Amino acid sequence: MITQEQIQKALTQVIDPELGRNIVELGMVRDIQIQDGHVDLTLVLTVMACPLKNQLKQDTEAAVRSVPGVESVTVKLDAMSPEERQKLQDSLSPALRMNRIGRVVAVMSGKGGVGKSSVTAMLAVALQRMGHRVGVLDADIGGPSIPRLFGIKGPVRGGPLGILPVETRTGIKVMSTNLMLPEEDAALIWRGPVMSGTARQFWKDVCWGKLDYLLVDLPPGTSDVTLTAMQNYPLDGVVMVTMPQGLSSMVVRKTVHMCQELKVPILGIVENMSYFVSPETGTKFEIFGPSHTGLVAECSGAPILARLPIDPQLTSLADSGHIEEYESEAYAELASAFIEAASPVEPAPAAPWLR
Ligand code: ADP
């Protein structure tokens with residue numbers, strides 16, 4: 001019996017002469033149907049007026065016919081949508097072709113100030129301590145805070161293949177608009193499309209190299225940049241950060257709905273600033289009242305990965321750019337729960353097209 005894999009394998013021999021890559025890798029082969037000895041498939045061209053269309057069609061037919069058992073083949077032609085073309089173009093950048101990334105996970109929150117960036121940074125730190133290679137893409141283009149937490153400064157340098165991220169003291173790779181500005185506190189007055197363009201560039205032009213996890217710190221809420229990132233980055237999932245109060249959980253539910261609409265899986269919920277433990281008495285106080293995070297977990301269908309304490313030591317280490325020195329069992333537990341939810345894979349080519 002002829003299998004889809006046999007057909008796909010044969011089609012990897014067909015190279016698009018313009019792009020120099022095979023048509024399977026380029027996402028140009030769709031809807032392979034096999035019935036007895038007959039194979040039907042659609043070849044999706046970058047544009048219908050592609051001058052190489054006849055040659056590509058003939059090469060495709062010949063490749064399918066080379067599979068033992070194939071008696072006839074029909075190749076239908078179609079054209080990519082502008083969005084698909086854009087993604088393809090992005091995936092051809094030299095940096096993307098070189099990068100090998102295991103899991104790409106975004107960290108989101110309904111609103112600002114719930115500790116999204118601190119959680120992203122500490123999750124990166126905890127994963128790094130466990131021996132994983134970690135990068136943080138600060139997609140909060142207008143309000144970047146990741147470099148500050150790690151005490152790193154730009155300017156970023158360009159390499160032959162793209163932009164080189166800045167490494168923190170312990171070797172976490174970071175890319176952020178703050179590393180591109182002359183001064184850390186320079187205002188970034190950019191319109192939405194420019195911010196979205198920068199977010200796309202952070203994905204396709206940064207030389208991340210080999211990473212087990214790339215964490216993406218998204219802007220709070222459901223902004224333009226968030227939408228760009230969710231549509232252009234090959235996200236394996238999202239972690240939602242919330243606080244115990246009802247209001248926080250209500251806003252985060254909007255973000256949950258956004259993920260559901262864009263079909264990005266929610267890996268888990270992190271409840272930050274859940275409680276405070278008095279250093280004198282060890283008594284636990286629920287400063288923000290009883291938790292409403294159960295409702296978020298319920299509506300997202302995702303587990304609560306961790307409930308993190310309020311800890312003034314974290315605030316002061318974060319403020320002074322020494323977050324990597326912060327030690328807390330709670331974050332090690334978060335990292336373990338995160339790994340379980342993200343089901344790690346070997347770092348692989350990160351071309352969005354292939355996912
Ligand atoms: P967001 O990214 O959601 O806007 P930040 O990570 O910038 O939030 O955190 C806002 C402030 O709260 C920062 O000063 C940070 O140091 C502090 N913070 C965050 N989480 C905690 C925590 N668990 N304990 C103490 N302070 C925290």
# chains A, B, ... in the order shown; residues from 1 in each chain; ligands from 1

$ select_by_dssp --residues "range 271-317 of chain A" --states "alpha helix (DSSP H)" --output "PyMOL selection string"
chain A and resi 293-300+312-317

$ write_last_selection --atoms "all heavy atoms" --output "tab-separated table (two decimals), in the first residue's frame"
chain	number	residue	atom	x	y	z
A	293	THR	N	-8.38	31.94	40.92
A	293	THR	CA	-7.66	31.36	39.78
A	293	THR	C	-8.26	30.03	39.32
A	293	THR	O	-8.13	29.67	38.15
A	293	THR	CB	-6.16	31.21	40.15
A	293	THR	OG1	-5.70	32.51	40.53
A	293	THR	CG2	-5.31	30.71	39.00
A	294	GLY	N	-8.96	29.36	40.23
A	294	GLY	CA	-9.63	28.12	39.86
A	294	GLY	C	-10.56	28.33	38.66
A	294	GLY	O	-10.66	27.48	37.77
A	295	LEU	N	-11.21	29.52	38.64
A	295	LEU	CA	-12.15	29.82	37.54
A	295	LEU	C	-11.40	29.92	36.21
A	295	LEU	O	-11.90	29.49	35.17
A	295	LEU	CB	-12.85	31.17	37.80
A	295	LEU	CG	-13.93	31.18	38.86
A	295	LEU	CD1	-14.41	32.61	39.10
A	295	LEU	CD2	-15.09	30.29	38.40
A	296	VAL	N	-10.19	30.53	36.26
A	296	VAL	CA	-9.38	30.67	35.05
A	296	VAL	C	-8.97	29.28	34.56
A	296	VAL	O	-9.06	28.96	33.36
A	296	VAL	CB	-8.11	31.52	35.30
A	296	VAL	CG1	-7.30	31.68	34.03
A	296	VAL	CG2	-8.47	32.88	35.89
A	297	ALA	N	-8.55	28.45	35.51
A	297	ALA	CA	-8.13	27.09	35.15
A	297	ALA	C	-9.30	26.35	34.52
A	297	ALA	O	-9.14	25.66	33.51
A	297	ALA	CB	-7.63	26.37	36.40
A	298	GLU	N	-10.48	26.56	35.11
A	298	GLU	CA	-11.66	25.87	34.60
A	298	GLU	C	-11.97	26.31	33.17
A	298	GLU	O	-12.18	25.49	32.28
A	298	GLU	CB	-12.83	26.21	35.51
A	298	GLU	CG	-13.87	25.13	35.62
A	298	GLU	CD	-14.90	25.55	36.65
A	298	GLU	OE1	-14.59	25.49	37.87
A	298	GLU	OE2	-15.97	25.98	36.22
A	299	CYS	N	-11.97	27.64	32.94
A	299	CYS	CA	-12.38	28.10	31.60
A	299	CYS	C	-11.29	27.83	30.55
A	299	CYS	O	-11.58	27.74	29.38
A	299	CYS	CB	-12.86	29.55	31.61
A	299	CYS	SG	-11.64	30.77	31.18
A	300	SER	N	-10.05	27.66	30.99
A	300	SER	CA	-9.00	27.39	30.01
A	300	SER	C	-8.75	25.90	29.84
A	300	SER	O	-8.11	25.47	28.88
A	300	SER	CB	-7.69	28.06	30.44
A	300	SER	OG	-7.23	27.47	31.64
A	312	PRO	N	9.46	40.17	49.12
A	312	PRO	CA	10.14	41.45	48.91
A	312	PRO	C	11.58	41.27	48.42
A	312	PRO	O	12.12	42.14	47.74
A	312	PRO	CB	10.14	42.10	50.29
A	312	PRO	CG	9.09	41.38	51.06
A	312	PRO	CD	8.96	40.02	50.48
A	313	GLN	N	12.18	40.12	48.72
A	313	GLN	CA	13.55	39.88	48.26
A	313	GLN	C	13.59	39.78	46.73
A	313	GLN	O	14.54	40.24	46.09
A	313	GLN	CB	14.08	38.58	48.88
A	313	GLN	CG	15.58	38.60	48.96
A	313	GLN	CD	16.18	37.20	49.00
A	313	GLN	OE1	15.47	36.22	49.25
A	313	GLN	NE2	17.46	37.11	48.76
A	314	LEU	N	12.53	39.21	46.16
A	314	LEU	CA	12.46	39.12	44.70
A	314	LEU	C	12.39	40.52	44.11
A	314	LEU	O	13.08	40.85	43.15
A	314	LEU	CB	11.23	38.30	44.26
A	314	LEU	CG	10.93	38.30	42.76
A	314	LEU	CD1	12.00	37.56	41.97
A	314	LEU	CD2	9.57	37.66	42.46
A	315	THR	N	11.53	41.37	44.70
A	315	THR	CA	11.39	42.74	44.21
A	315	THR	C	12.74	43.45	44.22
A	315	THR	O	13.11	44.10	43.25
A	315	THR	CB	10.40	43.55	45.09
A	315	THR	OG1	9.41	42.67	45.58
A	315	THR	CG2	9.77	44.70	44.34
A	316	SER	N	13.48	43.32	45.33
A	316	SER	CA	14.73	44.09	45.40
A	316	SER	C	15.78	43.52	44.46
A	316	SER	O	16.51	44.28	43.82
A	316	SER	CB	15.22	44.27	46.83
A	316	SER	OG	15.62	43.04	47.33
A	317	LEU	N	15.88	42.20	44.33
A	317	LEU	CA	16.86	41.63	43.39
A	317	LEU	C	16.48	41.98	41.94
A	317	LEU	O	17.34	42.26	41.11
A	317	LEU	CB	16.96	40.11	43.55
A	317	LEU	CG	17.73	39.64	44.78
A	317	LEU	CD1	17.59	38.13	44.97
A	317	LEU	CD2	19.22	40.01	44.68

$ residues_near_ligand --ligand "ligand 1" --cutoff "9 Å" --atoms "only C-alpha atoms and all ligand atoms" --output "short mmCIF file (atom, residue, chain, number, x, y, z; two decimals) with C-alpha atoms, in the first residue's frame"
data_model
loop_
_atom_site.label_atom_id
_atom_site.label_comp_id
_atom_site.auth_asym_id
_atom_site.auth_seq_id
_atom_site.Cartn_x
_atom_site.Cartn_y
_atom_site.Cartn_z
CA MET A 108 0.83 36.23 28.91
CA SER A 109 -1.27 38.18 31.36
CA GLY A 110 -4.60 39.95 31.17
CA LYS A 111 -3.13 43.21 32.47
CA GLY A 112 0.14 44.79 33.53
CA GLY A 113 1.68 44.58 36.98
CA VAL A 114 0.75 41.00 37.83
CA GLY A 115 4.39 39.89 37.59
CA LYS A 116 4.41 38.45 34.06
CA SER A 117 7.96 39.59 33.30
CA SER A 118 9.27 38.49 36.71
CA VAL A 119 7.69 35.07 36.24
CA THR A 120 9.16 34.79 32.70
CA ALA A 121 12.60 35.73 33.98
CA ASP A 140 6.78 43.61 25.20
CA GLY A 143 7.39 48.37 27.74
CA PRO A 144 10.37 46.03 27.84
CA SER A 145 11.60 45.06 31.30
CA ILE A 146 13.53 41.80 30.85
CA LEU A 149 15.72 42.30 35.65
CA ASP A 217 7.36 37.71 27.27
CA LEU A 218 4.23 39.13 25.59
CA PRO A 219 2.79 42.58 26.30
CA PRO A 220 -0.12 42.55 28.75
CA VAL A 241 0.07 34.69 34.75
CA THR A 242 -2.63 36.01 37.03
CA ASN A 272 1.54 35.12 41.28
CA MET A 273 1.52 36.97 44.62
CA SER A 274 -0.79 34.32 46.04
CA TYR A 275 0.24 34.74 49.64
CA PHE A 276 2.83 36.17 51.97
CA LEU A 308 3.95 31.89 43.94
CA PRO A 309 4.44 33.87 47.16
CA ILE A 310 4.90 37.62 47.52
CA ASP A 311 8.55 38.01 48.38
CA PRO A 312 10.14 41.45 48.91
CA GLN A 313 13.55 39.88 48.26
CA LEU A 314 12.46 39.12 44.70
CA THR A 315 11.39 42.74 44.21
CA SER A 316 14.73 44.09 45.40
CA LEU A 317 16.86 41.63 43.39
CA ALA A 318 14.70 42.34 40.31
CA ASP A 319 15.07 46.09 40.84
#

$ select_by_dssp --residues "range 266-335 of chain A" --states "strand (DSSP E or B)" --output "list in words"
Ile266, Leu267, Gly268, Ile269, Val270, Glu271, Phe276, Val277, Lys284, Phe285, Ile304, Leu305, Ala306 and Arg307 of chain A

$ write_last_selection --atoms "N, CA and C atoms" --output "PDB file, in the first residue's frame"
ATOM      1  N   ILE A 266      -3.156  26.405  25.864  1.00  0.00           N
ATOM      2  CA  ILE A 266      -2.745  27.001  27.144  1.00  0.00           C
ATOM      3  C   ILE A 266      -2.153  25.863  27.988  1.00  0.00           C
ATOM      4  N   LEU A 267      -0.866  25.994  28.291  1.00  0.00           N
ATOM      5  CA  LEU A 267      -0.180  24.905  28.991  1.00  0.00           C
ATOM      6  C   LEU A 267      -0.469  24.930  30.481  1.00  0.00           C
ATOM      7  N   GLY A 268      -0.682  26.127  31.015  1.00  0.00           N
ATOM      8  CA  GLY A 268      -0.925  26.189  32.446  1.00  0.00           C
ATOM      9  C   GLY A 268      -1.085  27.621  32.928  1.00  0.00           C
ATOM     10  N   ILE A 269      -1.524  27.721  34.186  1.00  0.00           N
ATOM     11  CA  ILE A 269      -1.768  29.028  34.804  1.00  0.00           C
ATOM     12  C   ILE A 269      -0.788  29.181  35.973  1.00  0.00           C
ATOM     13  N   VAL A 270      -0.247  30.381  36.109  1.00  0.00           N
ATOM     14  CA  VAL A 270       0.597  30.662  37.275  1.00  0.00           C
ATOM     15  C   VAL A 270      -0.091  31.749  38.080  1.00  0.00           C
ATOM     16  N   GLU A 271      -0.365  31.466  39.331  1.00  0.00           N
ATOM     17  CA  GLU A 271      -0.948  32.498  40.196  1.00  0.00           C
ATOM     18  C   GLU A 271       0.204  33.146  40.951  1.00  0.00           C
ATOM     19  N   PHE A 276       1.597  35.663  51.375  1.00  0.00           N
ATOM     20  CA  PHE A 276       2.828  36.168  51.973  1.00  0.00           C
ATOM     21  C   PHE A 276       3.084  35.370  53.248  1.00  0.00           C
ATOM     22  N   VAL A 277       4.296  34.901  53.427  1.00  0.00           N
ATOM     23  CA  VAL A 277       4.612  34.152  54.646  1.00  0.00           C
ATOM     24  C   VAL A 277       5.428  35.063  55.559  1.00  0.00           C
ATOM     25  N   LYS A 284       0.897  32.294  57.125  1.00  0.00           N
ATOM     26  CA  LYS A 284       0.623  32.576  55.715  1.00  0.00           C
ATOM     27  C   LYS A 284      -0.552  33.542  55.615  1.00  0.00           C
ATOM     28  N   PHE A 285      -0.354  34.650  54.905  1.00  0.00           N
ATOM     29  CA  PHE A 285      -1.449  35.619  54.735  1.00  0.00           C
ATOM     30  C   PHE A 285      -1.861  35.676  53.275  1.00  0.00           C
ATOM     31  N   ILE A 304      -3.213  24.544  37.064  1.00  0.00           N
ATOM     32  CA  ILE A 304      -2.467  25.604  37.761  1.00  0.00           C
ATOM     33  C   ILE A 304      -1.067  25.050  38.005  1.00  0.00           C
ATOM     34  N   LEU A 305      -0.070  25.684  37.389  1.00  0.00           N
ATOM     35  CA  LEU A 305       1.297  25.159  37.480  1.00  0.00           C
ATOM     36  C   LEU A 305       1.941  25.511  38.811  1.00  0.00           C
ATOM     37  N   ALA A 306       1.608  26.691  39.332  1.00  0.00           N
ATOM     38  CA  ALA A 306       2.223  27.115  40.597  1.00  0.00           C
ATOM     39  C   ALA A 306       1.447  28.261  41.210  1.00  0.00           C
ATOM     40  N   ARG A 307       1.549  28.349  42.541  1.00  0.00           N
ATOM     41  CA  ARG A 307       1.064  29.531  43.262  1.00  0.00           C
ATOM     42  C   ARG A 307       2.303  30.111  43.926  1.00  0.00           C
TER      43      ARG A 307
END

$ residues_around --residues "Pro51 in chain A" --least-positions-apart "4" --cutoff "12 Å" --atoms "only C-alpha atoms" --output "list in words"
Asp16, Pro17, Glu18, Leu45, Thr46, Val47, Gln55, Leu56 and Lys57 of chain A

$ atom_distance --atom1 "CA of Ala62 in chain A" --atom2 "CA of Gln6 in chain A"
13.8 Å

$ atom_distance --atom1 "CA of Leu43 in chain A" --atom2 "CA of Lys87 in chain A"
17.0 Å

$ residues_around --residues "Arg157 in chain A" --least-positions-apart "5" --cutoff "12 Å" --atoms "only C-alpha atoms" --output "PyMOL selection string"
chain A and resi 162-167+175+179-180+206-207

$ write_last_selection --atoms "C-alpha atoms" --output "PDB file, in the first residue's frame"
ATOM      1  CA  GLY A 162      21.427  38.171  11.971  1.00  0.00           C
ATOM      2  CA  ILE A 163      21.132  39.921  15.332  1.00  0.00           C
ATOM      3  CA  LEU A 164      23.041  38.386  18.246  1.00  0.00           C
ATOM      4  CA  PRO A 165      21.143  38.207  21.537  1.00  0.00           C
ATOM      5  CA  VAL A 166      22.796  39.484  24.718  1.00  0.00           C
ATOM      6  CA  GLU A 167      23.719  36.838  27.302  1.00  0.00           C
ATOM      7  CA  MET A 175      16.531  39.922  22.937  1.00  0.00           C
ATOM      8  CA  LEU A 179      18.929  46.355  24.162  1.00  0.00           C
ATOM      9  CA  MET A 180      18.576  48.420  21.007  1.00  0.00           C
ATOM     10  CA  VAL A 206      17.776  36.775  15.886  1.00  0.00           C
ATOM     11  CA  CYS A 207      20.489  34.103  16.060  1.00  0.00           C
TER      12      CYS A 207
END

$ residues_around --residues "Ala63 in chain A" --least-positions-apart "5" --cutoff "12 Å" --atoms "only C-alpha atoms" --output "tab-separated table (two decimals) with C-alpha atoms, in the first residue's frame"
chain	number	residue	atom	x	y	z
A	6	GLN	CA	6.37	7.65	0.77
A	7	ILE	CA	4.79	10.41	-1.32
A	8	GLN	CA	6.16	13.16	0.93
A	9	LYS	CA	9.62	11.61	0.85
A	10	ALA	CA	9.57	11.44	-2.94
A	11	LEU	CA	8.42	15.06	-3.11
A	12	THR	CA	11.40	16.25	-1.07
A	13	GLN	CA	13.36	15.63	-4.27
A	14	VAL	CA	11.48	18.48	-5.97
A	15	ILE	CA	13.40	21.69	-5.39
A	22	ASN	CA	12.25	21.40	-1.46
A	23	ILE	CA	8.52	21.88	-1.90
A	39	VAL	CA	-2.54	10.01	-6.04
A	56	LEU	CA	7.24	22.55	-10.82
A	57	LYS	CA	4.05	20.71	-11.76
A	58	GLN	CA	5.89	18.32	-14.07
A	68	PRO	CA	6.42	2.02	-6.47
A	70	VAL	CA	1.67	4.67	-8.26
A	72	SER	CA	-1.54	7.89	-12.04
A	73	VAL	CA	-1.29	11.30	-10.44
A	75	VAL	CA	-1.64	17.74	-9.35

$ atom_distance --atom1 "CA of Leu214 in chain A" --atom2 "CA of Val134 in chain A"
5.8 Å

$ closest_residue --among "A:Val67, A:Val44, A:Ala106, A:Leu123" --to "Glu84 in chain A" --atoms "only C-alpha atoms"
A:Val44
